[in-house]
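Next comes run.cif, a file with mmCIF, C-alpha atoms.
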```
data_structure
#
loop_
_atom_site.label_atom_id
_atom_site.label_comp_id
_atom_site.auth_asym_id
_atom_site.auth_seq_id
_atom_site.Cartn_x
_atom_site.Cartn_y
_atom_site.Cartn_z
CA MET A 215 -101.42 72.33 -160.35
CA ALA A 216 -102.86 72.89 -163.82
CA HIS A 217 -99.66 74.62 -164.90
CA GLU A 218 -97.53 71.75 -163.59
CA LEU A 219 -99.63 69.13 -165.36
CA SER A 220 -99.62 71.14 -168.60
CA THR A 221 -96.00 70.14 -169.18
CA SER A 222 -97.31 66.68 -170.09
CA TYR A 223 -100.99 67.12 -170.91
CA ARG A 224 -103.39 69.54 -172.49
CA VAL A 225 -105.16 71.02 -169.46
CA LEU A 226 -108.42 72.96 -169.38
CA ALA A 227 -108.84 74.78 -166.04
CA VAL A 228 -112.56 75.34 -165.56
CA ASP A 229 -114.12 78.21 -163.62
CA LEU A 230 -117.55 76.85 -162.70
CA ARG A 231 -120.53 79.19 -162.97
CA ASN A 232 -120.48 82.13 -160.52
CA HIS A 233 -116.71 81.67 -160.15
CA GLY A 234 -113.73 83.27 -161.85
CA ALA A 235 -114.46 84.66 -165.30
CA SER A 236 -117.39 82.33 -166.00
CA PRO A 237 -120.96 83.64 -166.39
CA TRP A 238 -123.12 84.30 -163.36
CA ALA A 239 -126.42 82.50 -162.83
CA ASP A 240 -129.14 82.55 -160.17
CA SER A 241 -128.90 78.80 -159.57
CA MET A 242 -125.95 76.40 -159.43
CA SER A 243 -127.04 72.82 -158.81
CA TYR A 244 -124.65 69.96 -159.45
CA LEU A 245 -126.78 68.84 -162.39
CA GLU A 246 -126.54 72.31 -163.96
CA MET A 247 -122.79 72.57 -163.41
CA ALA A 248 -122.23 69.08 -164.82
CA ASP A 249 -124.09 70.19 -167.94
CA ASP A 250 -121.85 73.28 -168.11
CA VAL A 251 -118.75 71.07 -168.16
CA LEU A 252 -120.34 68.76 -170.72
CA GLN A 253 -120.88 71.74 -173.02
CA LEU A 254 -117.18 72.58 -172.68
CA ILE A 255 -116.18 69.00 -173.51
CA GLU A 256 -118.39 69.03 -176.59
CA ARG A 257 -117.30 72.49 -177.72
CA GLU A 258 -113.62 71.53 -177.44
CA ARG A 259 -114.34 68.18 -179.09
CA LEU A 260 -112.60 66.26 -176.34
CA SER A 261 -112.68 62.49 -176.52
CA ARG A 262 -113.24 60.96 -173.07
CA PRO A 263 -111.03 63.41 -171.16
CA ALA A 264 -109.76 62.69 -167.69
CA VAL A 265 -111.64 64.92 -165.27
CA ILE A 266 -110.30 66.02 -161.90
CA GLY A 267 -112.18 68.05 -159.32
CA HIS A 268 -111.52 69.25 -155.78
CA SER A 269 -114.23 69.81 -153.16
CA MET A 270 -117.32 71.28 -154.89
CA GLY A 271 -115.56 70.65 -158.21
CA GLY A 272 -115.17 67.01 -157.20
CA LYS A 273 -118.92 66.67 -156.75
CA VAL A 274 -119.46 68.31 -160.14
CA ALA A 275 -116.98 65.85 -161.67
CA MET A 276 -118.79 62.89 -160.08
CA ALA A 277 -122.17 64.18 -161.29
CA LEU A 278 -120.75 64.58 -164.80
CA ALA A 279 -119.39 61.02 -164.82
CA LEU A 280 -122.68 59.56 -163.58
CA MET A 281 -124.86 61.56 -165.98
CA TYR A 282 -122.64 61.20 -169.04
CA PRO A 283 -120.38 58.17 -168.47
CA LYS A 284 -119.48 57.86 -172.17
CA GLN A 285 -118.02 61.38 -172.14
CA VAL A 286 -115.54 60.81 -169.28
CA GLY A 287 -112.38 58.72 -169.44
CA ARG A 288 -110.79 58.77 -166.03
CA LEU A 289 -112.10 60.50 -162.93
CA THR A 290 -110.04 61.92 -160.06
CA VAL A 291 -111.87 63.25 -157.02
CA VAL A 292 -109.93 65.28 -154.46
CA ASP A 293 -111.00 65.18 -150.80
CA ILE A 294 -114.76 64.98 -151.22
CA ALA A 295 -117.33 62.17 -151.33
CA PRO A 296 -120.84 61.89 -152.83
CA VAL A 297 -122.44 62.40 -149.41
CA PRO A 298 -124.09 65.34 -147.58
CA TYR A 299 -121.95 67.57 -145.39
CA ALA A 300 -122.64 70.18 -142.75
CA ASP A 301 -122.37 73.78 -143.98
CA ARG A 302 -118.70 74.79 -143.85
CA LEU A 303 -118.90 77.37 -146.63
CA SER A 304 -121.28 80.12 -145.54
CA ALA A 305 -118.84 81.63 -143.05
CA PHE A 306 -116.32 82.32 -145.82
CA ALA A 307 -118.85 83.80 -148.24
CA GLU A 308 -120.46 85.93 -145.51
CA ALA A 309 -117.04 87.27 -144.46
CA MET A 310 -116.20 88.23 -148.03
CA ARG A 311 -119.55 89.93 -148.55
CA ALA A 312 -119.20 91.87 -145.30
CA ILE A 313 -116.07 93.69 -146.52
CA ASP A 314 -116.62 97.05 -148.22
CA THR A 315 -114.28 96.37 -151.12
CA LEU A 316 -115.49 99.48 -152.97
CA HIS A 317 -113.78 101.75 -150.44
CA ALA A 318 -110.79 99.55 -149.59
CA ALA A 319 -107.47 101.35 -150.06
CA SER A 320 -105.41 98.26 -150.87
CA ARG A 321 -105.42 94.49 -151.23
CA GLU A 322 -103.59 94.30 -147.91
CA GLU A 323 -106.44 96.08 -146.17
CA VAL A 324 -108.92 93.56 -147.54
CA ARG A 325 -106.63 90.67 -146.59
CA GLN A 326 -106.29 91.89 -143.00
CA ARG A 327 -110.03 92.35 -142.59
CA LEU A 328 -110.69 88.93 -144.08
CA ALA A 329 -108.11 87.30 -141.81
CA GLY A 330 -109.92 88.76 -138.81
CA MET A 331 -113.27 87.24 -139.80
CA VAL A 332 -112.78 83.79 -141.31
CA PRO A 333 -112.52 80.78 -138.99
CA ASP A 334 -109.57 79.25 -140.88
CA ALA A 335 -106.77 81.73 -141.56
CA GLY A 336 -105.08 79.26 -143.89
CA VAL A 337 -107.92 79.71 -146.39
CA VAL A 338 -107.40 83.48 -146.66
CA PRO A 339 -104.84 83.27 -149.54
CA PHE A 340 -107.30 81.17 -151.56
CA LEU A 341 -110.15 83.62 -150.95
CA MET A 342 -107.92 86.56 -151.86
CA GLN A 343 -107.40 85.10 -155.34
CA ASN A 344 -110.98 86.22 -156.02
CA LEU A 345 -110.26 89.90 -155.34
CA VAL A 346 -109.85 91.89 -158.55
CA ALA A 347 -109.38 95.56 -159.44
CA ARG A 348 -112.29 97.10 -161.36
CA ASN A 349 -112.61 100.74 -162.38
CA ALA A 350 -110.14 102.03 -159.77
CA HIS A 351 -111.64 100.01 -156.91
CA PHE A 352 -111.66 96.41 -155.70
CA ASP A 353 -114.41 93.83 -156.03
CA TRP A 354 -114.97 90.09 -155.67
CA ARG A 355 -115.28 88.17 -158.92
CA LEU A 356 -117.53 85.60 -157.22
CA ASN A 357 -121.32 85.82 -157.33
CA LEU A 358 -121.51 85.67 -153.54
CA GLY A 359 -125.29 86.11 -153.39
CA ALA A 360 -125.97 83.13 -155.67
CA ILE A 361 -123.35 81.00 -153.93
CA LEU A 362 -124.85 81.69 -150.50
CA GLY A 363 -128.30 80.85 -151.81
CA ALA A 364 -127.04 77.56 -153.21
CA ILE A 365 -125.19 76.41 -150.06
CA PRO A 366 -127.90 73.92 -148.95
CA THR A 367 -127.74 72.31 -152.41
CA LEU A 368 -123.94 72.37 -152.59
CA CYS A 369 -123.63 70.65 -149.20
CA GLY A 370 -125.59 67.67 -150.50
CA PHE A 371 -125.39 65.36 -153.51
CA PRO A 372 -128.22 64.79 -156.02
CA GLN A 373 -130.48 61.96 -154.89
CA GLU A 374 -131.50 61.24 -158.49
CA LEU A 375 -127.92 60.23 -159.33
CA ARG A 376 -127.60 57.53 -156.67
CA SER A 377 -129.09 54.83 -158.90
CA LEU A 378 -126.51 55.51 -161.64
CA ARG A 379 -123.07 53.94 -162.05
CA PHE A 380 -119.75 54.99 -163.50
CA THR A 381 -117.74 51.82 -164.06
CA ARG A 382 -114.43 53.27 -165.24
CA PRO A 383 -111.48 53.81 -162.85
CA VAL A 384 -111.95 56.48 -160.18
CA GLN A 385 -109.04 57.79 -158.14
CA VAL A 386 -109.90 59.49 -154.85
CA ILE A 387 -107.15 61.57 -153.25
CA ALA A 388 -107.84 62.39 -149.61
CA GLY A 389 -105.95 64.37 -147.00
CA ALA A 390 -105.09 62.47 -143.83
CA ARG A 391 -105.89 65.53 -141.71
CA SER A 392 -109.24 66.07 -143.42
CA ASP A 393 -112.54 64.47 -142.45
CA TYR A 394 -114.24 64.88 -145.82
CA VAL A 395 -113.40 61.28 -146.86
CA GLU A 396 -113.78 59.24 -143.69
CA GLN A 397 -113.68 55.72 -145.18
CA PRO A 398 -110.34 54.89 -146.83
CA ASP A 399 -111.86 51.70 -148.27
CA GLY A 400 -114.00 53.82 -150.61
CA GLU A 401 -117.31 52.57 -149.23
CA ALA A 402 -118.89 56.04 -149.52
CA PHE A 403 -118.41 55.92 -153.31
CA ARG A 404 -120.04 52.56 -153.94
CA PRO A 405 -122.18 51.37 -155.64
CA MET A 406 -122.12 54.49 -157.86
CA PHE A 407 -118.36 54.15 -158.43
CA PRO A 408 -117.47 50.44 -158.12
CA GLN A 409 -113.86 51.01 -159.23
CA ALA A 410 -113.15 53.83 -156.77
CA ARG A 411 -109.76 53.63 -155.04
CA VAL A 412 -108.80 55.97 -152.21
CA GLU A 413 -105.26 57.23 -151.75
CA VAL A 414 -104.62 59.07 -148.48
CA ILE A 415 -101.86 61.68 -148.45
CA GLU A 416 -100.21 62.18 -145.07
CA ASP A 417 -99.76 65.64 -143.54
CA ALA A 418 -102.43 67.08 -145.83
CA GLY A 419 -105.80 68.63 -145.00
CA HIS A 420 -108.73 69.43 -147.26
CA TRP A 421 -106.52 71.57 -149.55
CA VAL A 422 -104.40 68.54 -150.45
CA HIS A 423 -102.85 70.12 -153.54
CA ALA A 424 -101.66 73.12 -151.52
CA ASP A 425 -100.45 71.19 -148.47
CA ARG A 426 -98.51 68.50 -150.36
CA PRO A 427 -98.18 69.67 -153.98
CA GLY A 428 -95.37 67.31 -154.97
CA THR A 429 -97.07 64.23 -153.57
CA PHE A 430 -100.38 65.30 -155.05
CA ILE A 431 -98.96 65.78 -158.55
CA ALA A 432 -97.20 62.40 -158.35
CA ALA A 433 -100.49 60.71 -157.41
CA VAL A 434 -102.36 62.35 -160.28
CA ARG A 435 -99.65 61.55 -162.83
CA GLN A 436 -99.64 57.92 -161.76
CA ALA A 437 -103.35 57.66 -162.53
CA LEU A 438 -103.19 59.27 -165.96
CA HIS A 439 -102.34 57.74 -169.29
CA GLY A 440 -102.00 60.60 -171.75
CA SER A 441 -105.54 61.95 -171.35
CA THR A 442 -106.64 65.57 -171.70
CA LEU A 443 -107.50 67.02 -168.31
CA ALA A 444 -110.55 69.13 -167.48
CA VAL A 445 -109.87 70.60 -164.02
CA THR A 446 -112.87 71.87 -162.04
CA ASP A 447 -112.83 73.79 -158.80
#
```
Can you turn what I pasted into structure tokens?
Amino acid sequence: MAHELSTSYRVLAVDLRNHGASPWADSMSYLEMADDVLQLIERERLSRPAVIGHSMGGKVAMALALMYPKQVGRLTVVDIAPVPYADRLSAFAEAMRAIDTLHAASREEVRQRLAGMVPDAGVVPFLMQNLVARNAHFDWRLNLGAILGAIPTLCGFPQELRSLRFTRPVQVIAGARSDYVEQPDGEAFRPMFPQARVEVIEDAGHWVHADRPGTFIAAVRQALHGSTLAVTD
């Protein structure tokens, strides 16, 4: 998605802490991760960039907009709301940690073992993007221990932000087959985001951008007006 949007915009694709090539840390609250993104915005000298985030990245994007409203232009939140959820993440992280990647002979071996353990086989390709080769063996580039420890925090949304408001436009893109955004009228986002508008994409689940990439890109482009994008996930 970032590559597709980069034909029209300058796009910064952000690996949040404990993900991708970003630094590891013992804690990863939404307030801390919002500060991480703010530091990036300031370092790159971005002027009110449009910020888009999916799932956990969407909560980080909302926290950023509430904490630093003058630093964010437009906000796009993909299939997540500022509400608490039941734990749907631990099973994936536990499955990844249970695999002995050090002695795996191939990526295919890891993929097959992962497919046999995770509850949603469709997520396996996304998880496999985190498998990297290091010193003649495989390893996960996620800080799985820190992520598992932060799951209770990541399932919620900071109570101290609920009295704040972000009054600029907010686009919410939800999958029709997902239950993460249950109220298409945007009620879950108010009063923190009074200008929130929900667009529901048919035949899409939680991974909206993977299920309906063309429709997703069209929805994002419609909401943008030449802003720099900071993409968090």
- Item | Residues in the PyMOL selection byres ((chain A and resi 380) around 12), expressed as a ChimeraX atom specification | /A:275-289,375-379,381-384,403-410
(Q) I'd like the contact shell of A:Gln343 - 12 Å cut-off, all atoms listed in the file, skipping same-chain residues fewer than 3 positions apart - returned as a PyMOL selection string. (A) chain A and resi 233-234+310+321+324-325+337-340+346-347+353-356
Can you turn the PyMOL selection byres ((chain A and resi 220-230) around 10) into a concrete residue list for this file, as a tab-separated table (two decimals) with C-alpha atoms, keeping the file's coordinate frame?
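Result file follows (result-v5.tsv):
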```tsv
chain	number	residue	atom	x	y	z
A	215	MET	CA	-101.42	72.33	-160.35
A	216	ALA	CA	-102.86	72.89	-163.82
A	217	HIS	CA	-99.66	74.62	-164.90
A	218	GLU	CA	-97.53	71.75	-163.59
A	219	LEU	CA	-99.63	69.13	-165.36
A	231	ARG	CA	-120.53	79.19	-162.97
A	232	ASN	CA	-120.48	82.13	-160.52
A	233	HIS	CA	-116.71	81.67	-160.15
A	234	GLY	CA	-113.73	83.27	-161.85
A	235	ALA	CA	-114.46	84.66	-165.30
A	236	SER	CA	-117.39	82.33	-166.00
A	237	PRO	CA	-120.96	83.64	-166.39
A	238	TRP	CA	-123.12	84.30	-163.36
A	242	MET	CA	-125.95	76.40	-159.43
A	247	MET	CA	-122.79	72.57	-163.41
A	248	ALA	CA	-122.23	69.08	-164.82
A	250	ASP	CA	-121.85	73.28	-168.11
A	251	VAL	CA	-118.75	71.07	-168.16
A	254	LEU	CA	-117.18	72.58	-172.68
A	255	ILE	CA	-116.18	69.00	-173.51
A	258	GLU	CA	-113.62	71.53	-177.44
A	263	PRO	CA	-111.03	63.41	-171.16
A	264	ALA	CA	-109.76	62.69	-167.69
A	265	VAL	CA	-111.64	64.92	-165.27
A	266	ILE	CA	-110.30	66.02	-161.90
A	267	GLY	CA	-112.18	68.05	-159.32
A	270	MET	CA	-117.32	71.28	-154.89
A	271	GLY	CA	-115.56	70.65	-158.21
A	274	VAL	CA	-119.46	68.31	-160.14
A	435	ARG	CA	-99.65	61.55	-162.83
A	438	LEU	CA	-103.19	59.27	-165.96
A	439	HIS	CA	-102.34	57.74	-169.29
A	440	GLY	CA	-102.00	60.60	-171.75
A	441	SER	CA	-105.54	61.95	-171.35
A	442	THR	CA	-106.64	65.57	-171.70
A	443	LEU	CA	-107.50	67.02	-168.31
A	444	ALA	CA	-110.55	69.13	-167.48
A	445	VAL	CA	-109.87	70.60	-164.02
A	446	THR	CA	-112.87	71.87	-162.04
A	447	ASP	CA	-112.83	73.79	-158.80
```
Restricting the calculation to all atoms listed in the file, which member of A:Pro372, A:Gly330, A:Gly272, A:Gly363 is positioned closest to A:Thr290?
->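 Looking only at the distances to A:Thr290, the closest residue turns out to be A:Gly272.
Atom pair atom CA of A:Val292 / atom CA of A:Val332 has a distance of 22.9 Å (rounded to one decimal).
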Can you translate the PyMOL selection byres ((chain A and resi 296) around 6) into the concrete residues it hits in this file, as a short mmCIF file (atom, residue, chain, number, x, y, z; two decimals) with C-alpha atoms, in the coordinates of the input?
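Writing done, so here's out35.cif:
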```
data_model
loop_
_atom_site.label_atom_id
_atom_site.label_comp_id
_atom_site.auth_asym_id
_atom_site.auth_seq_id
_atom_site.Cartn_x
_atom_site.Cartn_y
_atom_site.Cartn_z
CA ALA A 295 -117.33 62.17 -151.33
CA VAL A 297 -122.44 62.40 -149.41
CA PHE A 371 -125.39 65.36 -153.51
#
```
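For the atom pair formed by atom CA of A:Gln397 and atom CA of A:Gly336, the distance is 25.1 Å, given to one decimal.
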* **Within-6 Å shell of (-111.6, 58.2, -149.7) in input frame, all atoms listed in the file, as an NGL selection string** => :A and (386 or 388 or 395 or 397-398 or 400 or 412)
What are the centre and the three edge lengths of an axis-aligned box that wraps all atoms of stretch 312-324 of chain A in the file, given that 8 Å is added to every side, written as AutoDock Vina command-line options and rounded to one decimal in Å?
```
--center_x -111.4 --center_y 96.8 --center_z -149.1 --size_x 31.6 --size_y 25.9 --size_z 23.7
```
Q: Quick one: everything within 12 Å of A:Thr429, counting only C-alpha atoms, minus sequence neighbours fewer than 5 positions away in the same chain. Send it as a VMD selection string.
A: chain A and resid 215 387 to 389 413 to 418 422 to 424 434 to 436
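Using all atoms listed in the file for every distance, the candidate list A:Ala300, A:Leu345, A:Leu316, A:Ala433 yields A:Ala433 as the residue closest to A:Arg411.
The space separating atom CA of A:Asp425 from atom CA of A:Arg302 comes to 19.2 Å.
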- Item | Distance criterion (only C-alpha atoms): nearest to A:Arg311 out of A:Gln385, A:Asn349, A:Asn357, A:Ser269 |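 For A:Arg311, the nearest of the candidates is A:Asn357.
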**Prompt:** A:Ala319: which residues within 10 Å, counting all atoms listed in the file, same-chain residues fewer than 4 positions away excluded, as an MDAnalysis selection string?
**Reply:** chainID A and resid 315 323:324 351:352
